[in-house]
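Asker: Once you've had a glance at the structure underneath, I'll fire off some questions.
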Amino acid sequence: MSIPKAELHLHIEGTLEPELAFRLAERNGVALPFGSVDELRAAYRFDDLQSFLDLYYRLMDVLRTEQDFTDLAEEYLTRAAAQGVRHAEIFFDPQAHTARGVPIETVINGLGAALDRSEAAHGISTGLILCFLRDLSAGSALDTLESAKPYLDRITAVGLDSAEVGNPPSKFTAVYERARELGLRAVAHAGEEGPASYVWEALDLLKVERIDHGLRCLEDEELVARLVRERIPLTVCPFSNVRLRCVDTLADHPLRRMLDAGLVATVNSDDPAYFGGYVGQNLTETAAALGLTAQQQYTLARNSFEASFLDRQTRDRYL
Ligand code: HPA
Ligand code: ZN
């Protein structure tokens, strides 16, 4: 029986398995530039974040209807439950869909239908995190936030993803200020490919409560000291870091160093359909590669609940 855990860094579009992509392509009459599931899977070799994003955005074209988004989330929740996930805070990228003519209500209502059944069907409580694509303009992010206003009761937080280098958190200061006014919590990807200074900006300008990835914080001692002191969680994604070549191999992953430094690290799957496995597999294989003790594995699971946006009473039941 796998240890209960929360998943806090999971892009729902990154759970699109090749089999489902082909099924949806057929259902919606969308042509895919791959002849077979095997051919598509063979394309999952990446040089960096951008080479992954190119395929990730391309494949999303099969997601058209509410039912497609429901099927996508339902498949993820089924897999997550089998790996011990009890709570999931799920990223989605509305701009990647609205740019293709799929309205935000289709996305949110479709995901919402699966999330509404999740506690009863899978024993997983859920939250949605609306992510802004940082390579688009701040104006586009602000328009997206305003368009989500009818659905705020479904949305826990805002996040920031896509191509990091050259798109610093400071670009989105006003957008995050508006999100706070609307009562939303805040997280941001920072220090995945971008420098430690982006992590500082995410904390000081965007006032985020967690850092997604945060790997490159290790290059800045003063930053590490602050993250430790303020118990700001990092949602670390080991398989992703290897597949996108932020880290050479799992055995070279700094997760153990992060724990030894006292950082509140959690393990997550990021885009599990693309990076070779779901959160339980990330935990098991990383623990084996790094020789993590049972106590360290327990700490990671405990951190995942501490770092979550669950209300205190529910959270404390897991701690
Ligand atoms: N980084 C940035 N953007 C993303 C990622 C990621 O790991 N996954 C999906 N969008
Ligand atoms: Zn991510």
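Here, A, B, ... name the chains of the structure tokens in the order displayed, residue numbers run from 1 inside each chain, and ligands are numbered from 1 in the same displayed order.
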So that I can check the secondary structure, give me every residue of range 66-263 of chain A assigned helix (DSSP H, G or I) by backbone DSSP, as a VMD selection string.

Answerer: chain A and resid 66 to 82 94 to 98 104 to 122 138 to 147 149 to 154 169 to 181 196 to 204 215 to 219 221 to 229 238 to 243 250 to 252 255 to 260

Asker: Counting only C-alpha atoms and all ligand atoms, which residues of chain A fall within 6 Å of ligand 1, and what is the closest atom pair for each with its distance in Å at one decimal, ordered by chain and rising number, as a tab-separated table?

Answerer:
```
residue	atom	partner	partner_atom_place_in_ligand_line	distance
A:His11	CA	ligand 1	9 (C)	5.7
A:Asp161	CA	ligand 1	3 (N)	4.0
A:Ser162	CA	ligand 1	3 (N)	3.3
A:Ala163	CA	ligand 1	2 (C)	5.9
A:Asp270	CA	ligand 1	8 (N)	5.9
A:Asp271	CA	ligand 1	8 (N)	5.9
```

Asker: Keeping N, CA and C atoms, export the residues of the selection given above as a JSON list (two decimals), in the first residue's frame.

Answerer:
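Produced file result_26.json, reproduced below:
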```json
[["chain", "number", "residue", "atom", "x", "y", "z"],
["A", 11, "HIS", "N", 0.29, 19.33, -14.16],
["A", 11, "HIS", "CA", -0.43, 20.03, -15.24],
["A", 11, "HIS", "C", -1.40, 19.03, -15.84],
["A", 161, "ASP", "N", 3.40, 29.40, -15.66],
["A", 161, "ASP", "CA", 4.20, 28.34, -16.27],
["A", 161, "ASP", "C", 4.58, 28.70, -17.70],
["A", 162, "SER", "N", 5.05, 27.71, -18.46],
["A", 162, "SER", "CA", 5.57, 27.86, -19.83],
["A", 162, "SER", "C", 7.01, 28.41, -19.82],
["A", 163, "ALA", "N", 7.45, 28.95, -20.96],
["A", 163, "ALA", "CA", 8.89, 29.25, -21.15],
["A", 163, "ALA", "C", 9.41, 30.27, -20.15],
["A", 270, "ASP", "N", 4.54, 16.64, -12.40],
["A", 270, "ASP", "CA", 4.61, 17.69, -13.44],
["A", 270, "ASP", "C", 3.74, 17.33, -14.65],
["A", 271, "ASP", "N", 4.29, 16.56, -15.58],
["A", 271, "ASP", "CA", 3.57, 16.16, -16.81],
["A", 271, "ASP", "C", 3.78, 14.67, -17.00]]
```

Asker: Output as JSON lines one row per residue of range 229-319 of chain A within 12 Å of range 83-106 of chain A: the closest atom pair and its distance in Å to one decimal place, counting only C-alpha atoms, sorted by chain and residue number ascending.

Answerer:
```
{"residue": "A:Thr235", "atom": "CA", "partner": "A:Glu89", "partner_atom": "CA", "distance": 11.3}
{"residue": "A:Val267", "atom": "CA", "partner": "A:Val85", "partner_atom": "CA", "distance": 11.6}
{"residue": "A:Asn268", "atom": "CA", "partner": "A:Ala88", "partner_atom": "CA", "distance": 10.1}
{"residue": "A:Ser269", "atom": "CA", "partner": "A:Ile90", "partner_atom": "CA", "distance": 11.2}
{"residue": "A:Asp270", "atom": "CA", "partner": "A:Phe91", "partner_atom": "CA", "distance": 9.2}
{"residue": "A:Asp271", "atom": "CA", "partner": "A:Phe91", "partner_atom": "CA", "distance": 10.3}
{"residue": "A:Gly277", "atom": "CA", "partner": "A:Gln83", "partner_atom": "CA", "distance": 10.6}
{"residue": "A:Tyr278", "atom": "CA", "partner": "A:Gln83", "partner_atom": "CA", "distance": 7.6}
{"residue": "A:Val279", "atom": "CA", "partner": "A:Gln83", "partner_atom": "CA", "distance": 7.0}
{"residue": "A:Gly280", "atom": "CA", "partner": "A:Gln83", "partner_atom": "CA", "distance": 5.1}
{"residue": "A:Gln281", "atom": "CA", "partner": "A:Gln83", "partner_atom": "CA", "distance": 8.0}
{"residue": "A:Asn282", "atom": "CA", "partner": "A:Gln83", "partner_atom": "CA", "distance": 10.3}
{"residue": "A:Leu283", "atom": "CA", "partner": "A:Gln83", "partner_atom": "CA", "distance": 10.0}
{"residue": "A:Thr284", "atom": "CA", "partner": "A:Gln83", "partner_atom": "CA", "distance": 10.4}
{"residue": "A:Ala301", "atom": "CA", "partner": "A:Val85", "partner_atom": "CA", "distance": 9.9}
{"residue": "A:Ser304", "atom": "CA", "partner": "A:His87", "partner_atom": "CA", "distance": 9.2}
{"residue": "A:Phe305", "atom": "CA", "partner": "A:His87", "partner_atom": "CA", "distance": 8.2}
{"residue": "A:Glu306", "atom": "CA", "partner": "A:His87", "partner_atom": "CA", "distance": 11.6}
{"residue": "A:Ala307", "atom": "CA", "partner": "A:Glu89", "partner_atom": "CA", "distance": 10.7}
{"residue": "A:Ser308", "atom": "CA", "partner": "A:Glu89", "partner_atom": "CA", "distance": 7.7}
{"residue": "A:Phe309", "atom": "CA", "partner": "A:Glu89", "partner_atom": "CA", "distance": 8.1}
{"residue": "A:Leu310", "atom": "CA", "partner": "A:His87", "partner_atom": "CA", "distance": 8.5}
{"residue": "A:Asp311", "atom": "CA", "partner": "A:His87", "partner_atom": "CA", "distance": 11.9}
{"residue": "A:Thr314", "atom": "CA", "partner": "A:His87", "partner_atom": "CA", "distance": 10.5}
{"residue": "A:Arg315", "atom": "CA", "partner": "A:His87", "partner_atom": "CA", "distance": 9.9}
{"residue": "A:Arg317", "atom": "CA", "partner": "A:Arg86", "partner_atom": "CA", "distance": 11.8}
{"residue": "A:Tyr318", "atom": "CA", "partner": "A:Arg86", "partner_atom": "CA", "distance": 9.6}
```

Asker: Quick one, how far is CA of Thr70 in chain A from CA of Leu111 in chain A?

Answerer: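 It comes out at 5.0 Å.
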
Asker: I'd like a table as JSON lines: residues in chain A with an atom no more than 12 Å from ligand 2, each row giving the shortest atom pair and its distance in Å to one decimal, only C-alpha atoms and all ligand atoms counted, sorted by chain and rising residue number.

Answerer:
```
{"residue": "A:Glu7", "atom": "CA", "partner": "ligand 2", "partner_atom_place_in_ligand_line": "1 (Zn)", "distance": 11.8}
{"residue": "A:Leu8", "atom": "CA", "partner": "ligand 2", "partner_atom_place_in_ligand_line": "1 (Zn)", "distance": 9.7}
{"residue": "A:His9", "atom": "CA", "partner": "ligand 2", "partner_atom_place_in_ligand_line": "1 (Zn)", "distance": 6.0}
{"residue": "A:Leu10", "atom": "CA", "partner": "ligand 2", "partner_atom_place_in_ligand_line": "1 (Zn)", "distance": 6.5}
{"residue": "A:His11", "atom": "CA", "partner": "ligand 2", "partner_atom_place_in_ligand_line": "1 (Zn)", "distance": 6.3}
{"residue": "A:Ile12", "atom": "CA", "partner": "ligand 2", "partner_atom_place_in_ligand_line": "1 (Zn)", "distance": 10.1}
{"residue": "A:Glu13", "atom": "CA", "partner": "ligand 2", "partner_atom_place_in_ligand_line": "1 (Zn)", "distance": 10.6}
{"residue": "A:Gly14", "atom": "CA", "partner": "ligand 2", "partner_atom_place_in_ligand_line": "1 (Zn)", "distance": 8.9}
{"residue": "A:Thr15", "atom": "CA", "partner": "ligand 2", "partner_atom_place_in_ligand_line": "1 (Zn)", "distance": 11.7}
{"residue": "A:Leu49", "atom": "CA", "partner": "ligand 2", "partner_atom_place_in_ligand_line": "1 (Zn)", "distance": 9.9}
{"residue": "A:Phe52", "atom": "CA", "partner": "ligand 2", "partner_atom_place_in_ligand_line": "1 (Zn)", "distance": 11.3}
{"residue": "A:Leu53", "atom": "CA", "partner": "ligand 2", "partner_atom_place_in_ligand_line": "1 (Zn)", "distance": 10.6}
{"residue": "A:Tyr56", "atom": "CA", "partner": "ligand 2", "partner_atom_place_in_ligand_line": "1 (Zn)", "distance": 11.8}
{"residue": "A:Ile90", "atom": "CA", "partner": "ligand 2", "partner_atom_place_in_ligand_line": "1 (Zn)", "distance": 10.4}
{"residue": "A:Phe91", "atom": "CA", "partner": "ligand 2", "partner_atom_place_in_ligand_line": "1 (Zn)", "distance": 8.2}
{"residue": "A:Phe92", "atom": "CA", "partner": "ligand 2", "partner_atom_place_in_ligand_line": "1 (Zn)", "distance": 10.2}
{"residue": "A:Asp93", "atom": "CA", "partner": "ligand 2", "partner_atom_place_in_ligand_line": "1 (Zn)", "distance": 10.8}
{"residue": "A:Ile129", "atom": "CA", "partner": "ligand 2", "partner_atom_place_in_ligand_line": "1 (Zn)", "distance": 11.6}
{"residue": "A:Cys131", "atom": "CA", "partner": "ligand 2", "partner_atom_place_in_ligand_line": "1 (Zn)", "distance": 9.8}
{"residue": "A:Phe132", "atom": "CA", "partner": "ligand 2", "partner_atom_place_in_ligand_line": "1 (Zn)", "distance": 11.8}
{"residue": "A:Leu133", "atom": "CA", "partner": "ligand 2", "partner_atom_place_in_ligand_line": "1 (Zn)", "distance": 11.3}
{"residue": "A:Gly159", "atom": "CA", "partner": "ligand 2", "partner_atom_place_in_ligand_line": "1 (Zn)", "distance": 9.6}
{"residue": "A:Leu160", "atom": "CA", "partner": "ligand 2", "partner_atom_place_in_ligand_line": "1 (Zn)", "distance": 8.8}
{"residue": "A:Asp161", "atom": "CA", "partner": "ligand 2", "partner_atom_place_in_ligand_line": "1 (Zn)", "distance": 6.4}
{"residue": "A:Ser162", "atom": "CA", "partner": "ligand 2", "partner_atom_place_in_ligand_line": "1 (Zn)", "distance": 8.0}
{"residue": "A:Ala163", "atom": "CA", "partner": "ligand 2", "partner_atom_place_in_ligand_line": "1 (Zn)", "distance": 10.5}
{"residue": "A:Glu164", "atom": "CA", "partner": "ligand 2", "partner_atom_place_in_ligand_line": "1 (Zn)", "distance": 10.7}
{"residue": "A:Val187", "atom": "CA", "partner": "ligand 2", "partner_atom_place_in_ligand_line": "1 (Zn)", "distance": 11.0}
{"residue": "A:Ala188", "atom": "CA", "partner": "ligand 2", "partner_atom_place_in_ligand_line": "1 (Zn)", "distance": 9.1}
{"residue": "A:His189", "atom": "CA", "partner": "ligand 2", "partner_atom_place_in_ligand_line": "1 (Zn)", "distance": 6.6}
{"residue": "A:Ala190", "atom": "CA", "partner": "ligand 2", "partner_atom_place_in_ligand_line": "1 (Zn)", "distance": 9.6}
{"residue": "A:Gly191", "atom": "CA", "partner": "ligand 2", "partner_atom_place_in_ligand_line": "1 (Zn)", "distance": 11.2}
{"residue": "A:Glu192", "atom": "CA", "partner": "ligand 2", "partner_atom_place_in_ligand_line": "1 (Zn)", "distance": 8.8}
{"residue": "A:Glu193", "atom": "CA", "partner": "ligand 2", "partner_atom_place_in_ligand_line": "1 (Zn)", "distance": 11.4}
{"residue": "A:Ile211", "atom": "CA", "partner": "ligand 2", "partner_atom_place_in_ligand_line": "1 (Zn)", "distance": 10.4}
{"residue": "A:Asp212", "atom": "CA", "partner": "ligand 2", "partner_atom_place_in_ligand_line": "1 (Zn)", "distance": 6.7}
{"residue": "A:His213", "atom": "CA", "partner": "ligand 2", "partner_atom_place_in_ligand_line": "1 (Zn)", "distance": 7.2}
{"residue": "A:Gly214", "atom": "CA", "partner": "ligand 2", "partner_atom_place_in_ligand_line": "1 (Zn)", "distance": 10.7}
{"residue": "A:Leu234", "atom": "CA", "partner": "ligand 2", "partner_atom_place_in_ligand_line": "1 (Zn)", "distance": 11.6}
{"residue": "A:Thr235", "atom": "CA", "partner": "ligand 2", "partner_atom_place_in_ligand_line": "1 (Zn)", "distance": 8.8}
{"residue": "A:Val236", "atom": "CA", "partner": "ligand 2", "partner_atom_place_in_ligand_line": "1 (Zn)", "distance": 9.1}
{"residue": "A:Cys237", "atom": "CA", "partner": "ligand 2", "partner_atom_place_in_ligand_line": "1 (Zn)", "distance": 7.9}
{"residue": "A:Pro238", "atom": "CA", "partner": "ligand 2", "partner_atom_place_in_ligand_line": "1 (Zn)", "distance": 11.1}
{"residue": "A:Phe239", "atom": "CA", "partner": "ligand 2", "partner_atom_place_in_ligand_line": "1 (Zn)", "distance": 11.3}
{"residue": "A:Ser240", "atom": "CA", "partner": "ligand 2", "partner_atom_place_in_ligand_line": "1 (Zn)", "distance": 8.3}
{"residue": "A:Asn241", "atom": "CA", "partner": "ligand 2", "partner_atom_place_in_ligand_line": "1 (Zn)", "distance": 10.0}
{"residue": "A:Leu244", "atom": "CA", "partner": "ligand 2", "partner_atom_place_in_ligand_line": "1 (Zn)", "distance": 11.1}
{"residue": "A:Val267", "atom": "CA", "partner": "ligand 2", "partner_atom_place_in_ligand_line": "1 (Zn)", "distance": 11.9}
{"residue": "A:Asn268", "atom": "CA", "partner": "ligand 2", "partner_atom_place_in_ligand_line": "1 (Zn)", "distance": 9.2}
{"residue": "A:Ser269", "atom": "CA", "partner": "ligand 2", "partner_atom_place_in_ligand_line": "1 (Zn)", "distance": 8.4}
{"residue": "A:Asp270", "atom": "CA", "partner": "ligand 2", "partner_atom_place_in_ligand_line": "1 (Zn)", "distance": 4.8}
{"residue": "A:Asp271", "atom": "CA", "partner": "ligand 2", "partner_atom_place_in_ligand_line": "1 (Zn)", "distance": 7.0}
{"residue": "A:Pro272", "atom": "CA", "partner": "ligand 2", "partner_atom_place_in_ligand_line": "1 (Zn)", "distance": 10.3}
{"residue": "A:Tyr274", "atom": "CA", "partner": "ligand 2", "partner_atom_place_in_ligand_line": "1 (Zn)", "distance": 11.8}
{"residue": "A:Phe275", "atom": "CA", "partner": "ligand 2", "partner_atom_place_in_ligand_line": "1 (Zn)", "distance": 11.3}
```

Asker: Write the residues you've just listed into a file as an mmCIF file, in the first residue's frame, and include C-alpha atoms for each of them.

Answerer:
```cif
data_model
loop_
_atom_site.group_PDB
_atom_site.id
_atom_site.type_symbol
_atom_site.label_atom_id
_atom_site.label_comp_id
_atom_site.auth_asym_id
_atom_site.auth_seq_id
_atom_site.Cartn_x
_atom_site.Cartn_y
_atom_site.Cartn_z
ATOM 1 C CA GLU A 7 0.187 16.147 -5.426
ATOM 2 C CA LEU A 8 0.795 19.877 -5.821
ATOM 3 C CA HIS A 9 2.561 20.204 -9.171
ATOM 4 C CA LEU A 10 0.584 18.516 -11.911
ATOM 5 C CA HIS A 11 -0.426 20.029 -15.235
ATOM 6 C CA ILE A 12 -3.664 18.332 -16.252
ATOM 7 C CA GLU A 13 -2.756 18.792 -19.931
ATOM 8 C CA GLY A 14 0.466 16.906 -19.144
ATOM 9 C CA THR A 15 -1.523 13.813 -18.205
ATOM 10 C CA LEU A 49 11.771 22.877 -21.608
ATOM 11 C CA PHE A 52 8.760 19.669 -24.536
ATOM 12 C CA LEU A 53 6.394 22.657 -24.662
ATOM 13 C CA TYR A 56 2.700 19.643 -25.246
ATOM 14 C CA ILE A 90 -4.215 20.649 -10.368
ATOM 15 C CA PHE A 91 -2.757 23.203 -12.798
ATOM 16 C CA PHE A 92 -4.542 24.090 -16.000
ATOM 17 C CA ASP A 93 -3.517 26.432 -18.839
ATOM 18 C CA ILE A 129 -4.774 26.325 -10.033
ATOM 19 C CA CYS A 131 -1.823 29.115 -14.674
ATOM 20 C CA PHE A 132 -0.808 32.053 -16.836
ATOM 21 C CA LEU A 133 1.476 31.359 -19.784
ATOM 22 C CA GLY A 159 0.210 29.927 -11.086
ATOM 23 C CA LEU A 160 2.776 30.804 -13.755
ATOM 24 C CA ASP A 161 4.196 28.337 -16.273
ATOM 25 C CA SER A 162 5.565 27.864 -19.832
ATOM 26 C CA ALA A 163 8.889 29.246 -21.154
ATOM 27 C CA GLU A 164 10.709 30.661 -18.154
ATOM 28 C CA VAL A 187 2.236 29.926 -6.659
ATOM 29 C CA ALA A 188 4.688 30.243 -9.577
ATOM 30 C CA HIS A 189 7.193 28.130 -11.496
ATOM 31 C CA ALA A 190 10.609 29.624 -10.773
ATOM 32 C CA GLY A 191 14.185 28.361 -10.847
ATOM 33 C CA GLU A 192 13.472 25.475 -13.231
ATOM 34 C CA GLU A 193 15.582 26.815 -16.109
ATOM 35 C CA ILE A 211 7.709 27.754 -5.523
ATOM 36 C CA ASP A 212 7.174 25.257 -8.335
ATOM 37 C CA HIS A 213 10.479 23.479 -9.125
ATOM 38 C CA GLY A 214 12.869 25.943 -7.446
ATOM 39 C CA LEU A 234 9.232 23.678 -3.234
ATOM 40 C CA THR A 235 7.226 21.387 -5.516
ATOM 41 C CA VAL A 236 10.036 19.330 -6.980
ATOM 42 C CA CYS A 237 9.531 17.082 -10.039
ATOM 43 C CA PRO A 238 12.431 14.634 -10.410
ATOM 44 C CA PHE A 239 11.388 12.807 -13.622
ATOM 45 C CA SER A 240 10.668 16.154 -15.279
ATOM 46 C CA ASN A 241 14.065 17.552 -14.281
ATOM 47 C CA LEU A 244 14.065 18.249 -19.606
ATOM 48 C CA VAL A 267 7.798 15.272 -4.907
ATOM 49 C CA ASN A 268 5.406 15.651 -7.834
ATOM 50 C CA SER A 269 4.987 14.434 -11.404
ATOM 51 C CA ASP A 270 4.608 17.689 -13.436
ATOM 52 C CA ASP A 271 3.571 16.164 -16.806
ATOM 53 C CA PRO A 272 3.487 12.440 -16.079
ATOM 54 C CA TYR A 274 5.419 12.870 -21.037
ATOM 55 C CA PHE A 275 8.057 12.283 -18.373
#
```

Asker: Could you tell me which of A:Tyr76, A:Val62, A:Gly194, A:Thr266 comes closest to Tyr298 in chain A if we count only C-alpha atoms?

Answerer: A:Thr266

Asker: Rounded to one decimal, what separation in Å do you get between CA of Val208 in chain A and CA of Phe69 in chain A?

Answerer: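 A separation of 27.5 Å between them.
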
Asker: Extract, using only C-alpha atoms, all DNA, RNA and protein residues at most 8 Å from Leu32 in chain A, discarding same-chain residues fewer than 4 positions from it, and format them as number ranges by chain.

Answerer: A: 22, 25, 59

Asker: Using the selection just defined, write its residues with N, CA and C atoms as an mmCIF file, in the first residue's frame.

Answerer:
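Resulting contents of out-v2.cif:
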```
data_model
loop_
_atom_site.group_PDB
_atom_site.id
_atom_site.type_symbol
_atom_site.label_atom_id
_atom_site.label_comp_id
_atom_site.auth_asym_id
_atom_site.auth_seq_id
_atom_site.Cartn_x
_atom_site.Cartn_y
_atom_site.Cartn_z
ATOM 1 N N PHE A 22 -5.005 9.793 -29.104
ATOM 2 C CA PHE A 22 -5.508 9.209 -30.354
ATOM 3 C C PHE A 22 -7.024 9.022 -30.316
ATOM 4 N N ALA A 25 -8.545 12.420 -30.769
ATOM 5 C CA ALA A 25 -8.305 12.885 -32.143
ATOM 6 C C ALA A 25 -9.352 12.279 -33.071
ATOM 7 N N LEU A 59 -0.148 18.775 -29.016
ATOM 8 C CA LEU A 59 -1.029 17.639 -28.743
ATOM 9 C C LEU A 59 -2.349 18.064 -28.106
#
```

Asker: Could you pull out the residues in range 72-176 of chain A that DSSP calls strand (DSSP E or B) from the backbone, as a list in words?

Answerer: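 Of range 72-176 of chain A, only Val85, Arg86, His87, Ala88, Glu89, Ile90, Phe91, Phe92, Ser125, Thr126, Gly127, Leu128, Ile129, Leu130, Cys131, Phe132, Leu133, Ile155, Thr156, Ala157, Val158, Gly159, Leu160 and Asp161 of chain A fall in strand (DSSP E or B).
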
Asker: Could you pull the residues within 12 Å of Asp116 in chain A, counting only C-alpha atoms, minus those fewer than 5 positions along the same chain, as a PyMOL selection string?

Answerer: chain A and resi 70+73-74+77+108-111+121-128+154

Asker: Need the shell around Arg180 in chain A: protein/DNA/RNA residues with any atom at most 12 Å away, counting only C-alpha atoms. Skip same-chain ones fewer than 2 positions apart. Format as number ranges by chain?

Answerer: A: 145, 152, 156-159, 173-178, 182-187, 206-209

Asker: Go ahead and dump the residues you just picked, N, CA and C atoms, as a PDB file, in the first residue's frame.

Answerer:
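Contents of the output file selection-v3.pdb:
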```pdb
ATOM      1  N   LEU A 145      -7.653  36.167 -16.320  1.00  0.00           N
ATOM      2  CA  LEU A 145      -8.103  36.199 -14.923  1.00  0.00           C
ATOM      3  C   LEU A 145      -9.518  36.773 -14.842  1.00  0.00           C
ATOM      4  N   LEU A 152     -14.747  31.491  -9.900  1.00  0.00           N
ATOM      5  CA  LEU A 152     -13.761  31.616  -8.820  1.00  0.00           C
ATOM      6  C   LEU A 152     -13.984  30.620  -7.691  1.00  0.00           C
ATOM      7  N   THR A 156      -8.561  27.695  -6.678  1.00  0.00           N
ATOM      8  CA  THR A 156      -7.879  27.905  -5.406  1.00  0.00           C
ATOM      9  C   THR A 156      -6.796  28.968  -5.522  1.00  0.00           C
ATOM     10  N   ALA A 157      -6.076  28.950  -6.623  1.00  0.00           N
ATOM     11  CA  ALA A 157      -4.864  29.778  -6.723  1.00  0.00           C
ATOM     12  C   ALA A 157      -4.561  30.082  -8.175  1.00  0.00           C
ATOM     13  N   VAL A 158      -3.648  31.034  -8.368  1.00  0.00           N
ATOM     14  CA  VAL A 158      -3.071  31.252  -9.699  1.00  0.00           C
ATOM     15  C   VAL A 158      -1.634  30.747  -9.700  1.00  0.00           C
ATOM     16  N   GLY A 159      -1.169  30.382 -10.906  1.00  0.00           N
ATOM     17  CA  GLY A 159       0.210  29.927 -11.086  1.00  0.00           C
ATOM     18  C   GLY A 159       0.783  30.518 -12.367  1.00  0.00           C
ATOM     19  N   THR A 173       3.545  41.170 -11.933  1.00  0.00           N
ATOM     20  CA  THR A 173       3.266  41.714 -10.591  1.00  0.00           C
ATOM     21  C   THR A 173       1.818  42.204 -10.473  1.00  0.00           C
ATOM     22  N   ALA A 174       1.362  42.982 -11.453  1.00  0.00           N
ATOM     23  CA  ALA A 174       0.010  43.559 -11.369  1.00  0.00           C
ATOM     24  C   ALA A 174      -1.062  42.466 -11.472  1.00  0.00           C
ATOM     25  N   VAL A 175      -0.777  41.444 -12.258  1.00  0.00           N
ATOM     26  CA  VAL A 175      -1.755  40.354 -12.435  1.00  0.00           C
ATOM     27  C   VAL A 175      -1.944  39.618 -11.105  1.00  0.00           C
ATOM     28  N   TYR A 176      -0.828  39.358 -10.422  1.00  0.00           N
ATOM     29  CA  TYR A 176      -0.919  38.650  -9.137  1.00  0.00           C
ATOM     30  C   TYR A 176      -1.591  39.527  -8.079  1.00  0.00           C
ATOM     31  N   GLU A 177      -1.360  40.835  -8.173  1.00  0.00           N
ATOM     32  CA  GLU A 177      -2.022  41.750  -7.232  1.00  0.00           C
ATOM     33  C   GLU A 177      -3.544  41.642  -7.406  1.00  0.00           C
ATOM     34  N   ARG A 178      -3.967  41.607  -8.653  1.00  0.00           N
ATOM     35  CA  ARG A 178      -5.404  41.478  -8.954  1.00  0.00           C
ATOM     36  C   ARG A 178      -5.940  40.122  -8.465  1.00  0.00           C
ATOM     37  N   LEU A 182      -8.926  39.225  -5.681  1.00  0.00           N
ATOM     38  CA  LEU A 182     -10.056  38.321  -5.939  1.00  0.00           C
ATOM     39  C   LEU A 182     -10.087  37.161  -4.952  1.00  0.00           C
ATOM     40  N   GLY A 183      -9.146  37.148  -4.013  1.00  0.00           N
ATOM     41  CA  GLY A 183      -9.167  36.119  -2.966  1.00  0.00           C
ATOM     42  C   GLY A 183      -8.436  34.838  -3.322  1.00  0.00           C
ATOM     43  N   LEU A 184      -7.622  34.884  -4.389  1.00  0.00           N
ATOM     44  CA  LEU A 184      -6.915  33.671  -4.808  1.00  0.00           C
ATOM     45  C   LEU A 184      -5.542  33.573  -4.140  1.00  0.00           C
ATOM     46  N   ARG A 185      -5.098  32.348  -3.880  1.00  0.00           N
ATOM     47  CA  ARG A 185      -3.750  32.090  -3.393  1.00  0.00           C
ATOM     48  C   ARG A 185      -2.800  32.142  -4.587  1.00  0.00           C
ATOM     49  N   ALA A 186      -1.491  32.031  -4.325  1.00  0.00           N
ATOM     50  CA  ALA A 186      -0.545  32.209  -5.429  1.00  0.00           C
ATOM     51  C   ALA A 186       0.658  31.278  -5.341  1.00  0.00           C
ATOM     52  N   VAL A 187       1.006  30.706  -6.495  1.00  0.00           N
ATOM     53  CA  VAL A 187       2.236  29.926  -6.659  1.00  0.00           C
ATOM     54  C   VAL A 187       2.850  30.363  -7.992  1.00  0.00           C
ATOM     55  N   LEU A 206       5.495  38.668  -6.494  1.00  0.00           N
ATOM     56  CA  LEU A 206       4.226  37.947  -6.701  1.00  0.00           C
ATOM     57  C   LEU A 206       3.644  37.445  -5.389  1.00  0.00           C
ATOM     58  N   LYS A 207       4.467  37.454  -4.342  1.00  0.00           N
ATOM     59  CA  LYS A 207       4.048  37.024  -2.988  1.00  0.00           C
ATOM     60  C   LYS A 207       3.472  35.599  -2.998  1.00  0.00           C
ATOM     61  N   VAL A 208       4.184  34.727  -3.703  1.00  0.00           N
ATOM     62  CA  VAL A 208       3.714  33.337  -3.778  1.00  0.00           C
ATOM     63  C   VAL A 208       3.941  32.612  -2.460  1.00  0.00           C
ATOM     64  N   GLU A 209       3.120  31.573  -2.246  1.00  0.00           N
ATOM     65  CA  GLU A 209       3.231  30.772  -1.021  1.00  0.00           C
ATOM     66  C   GLU A 209       4.029  29.495  -1.244  1.00  0.00           C
TER      67      GLU A 209
END
```

Asker: Could you check which of A:Arg41, A:Lys5, A:Arg312, A:Arg64 is closest to Ala82 in chain A, using only C-alpha atoms?

Answerer: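 Closest to Ala82 in chain A of all the choices is A:Lys5.
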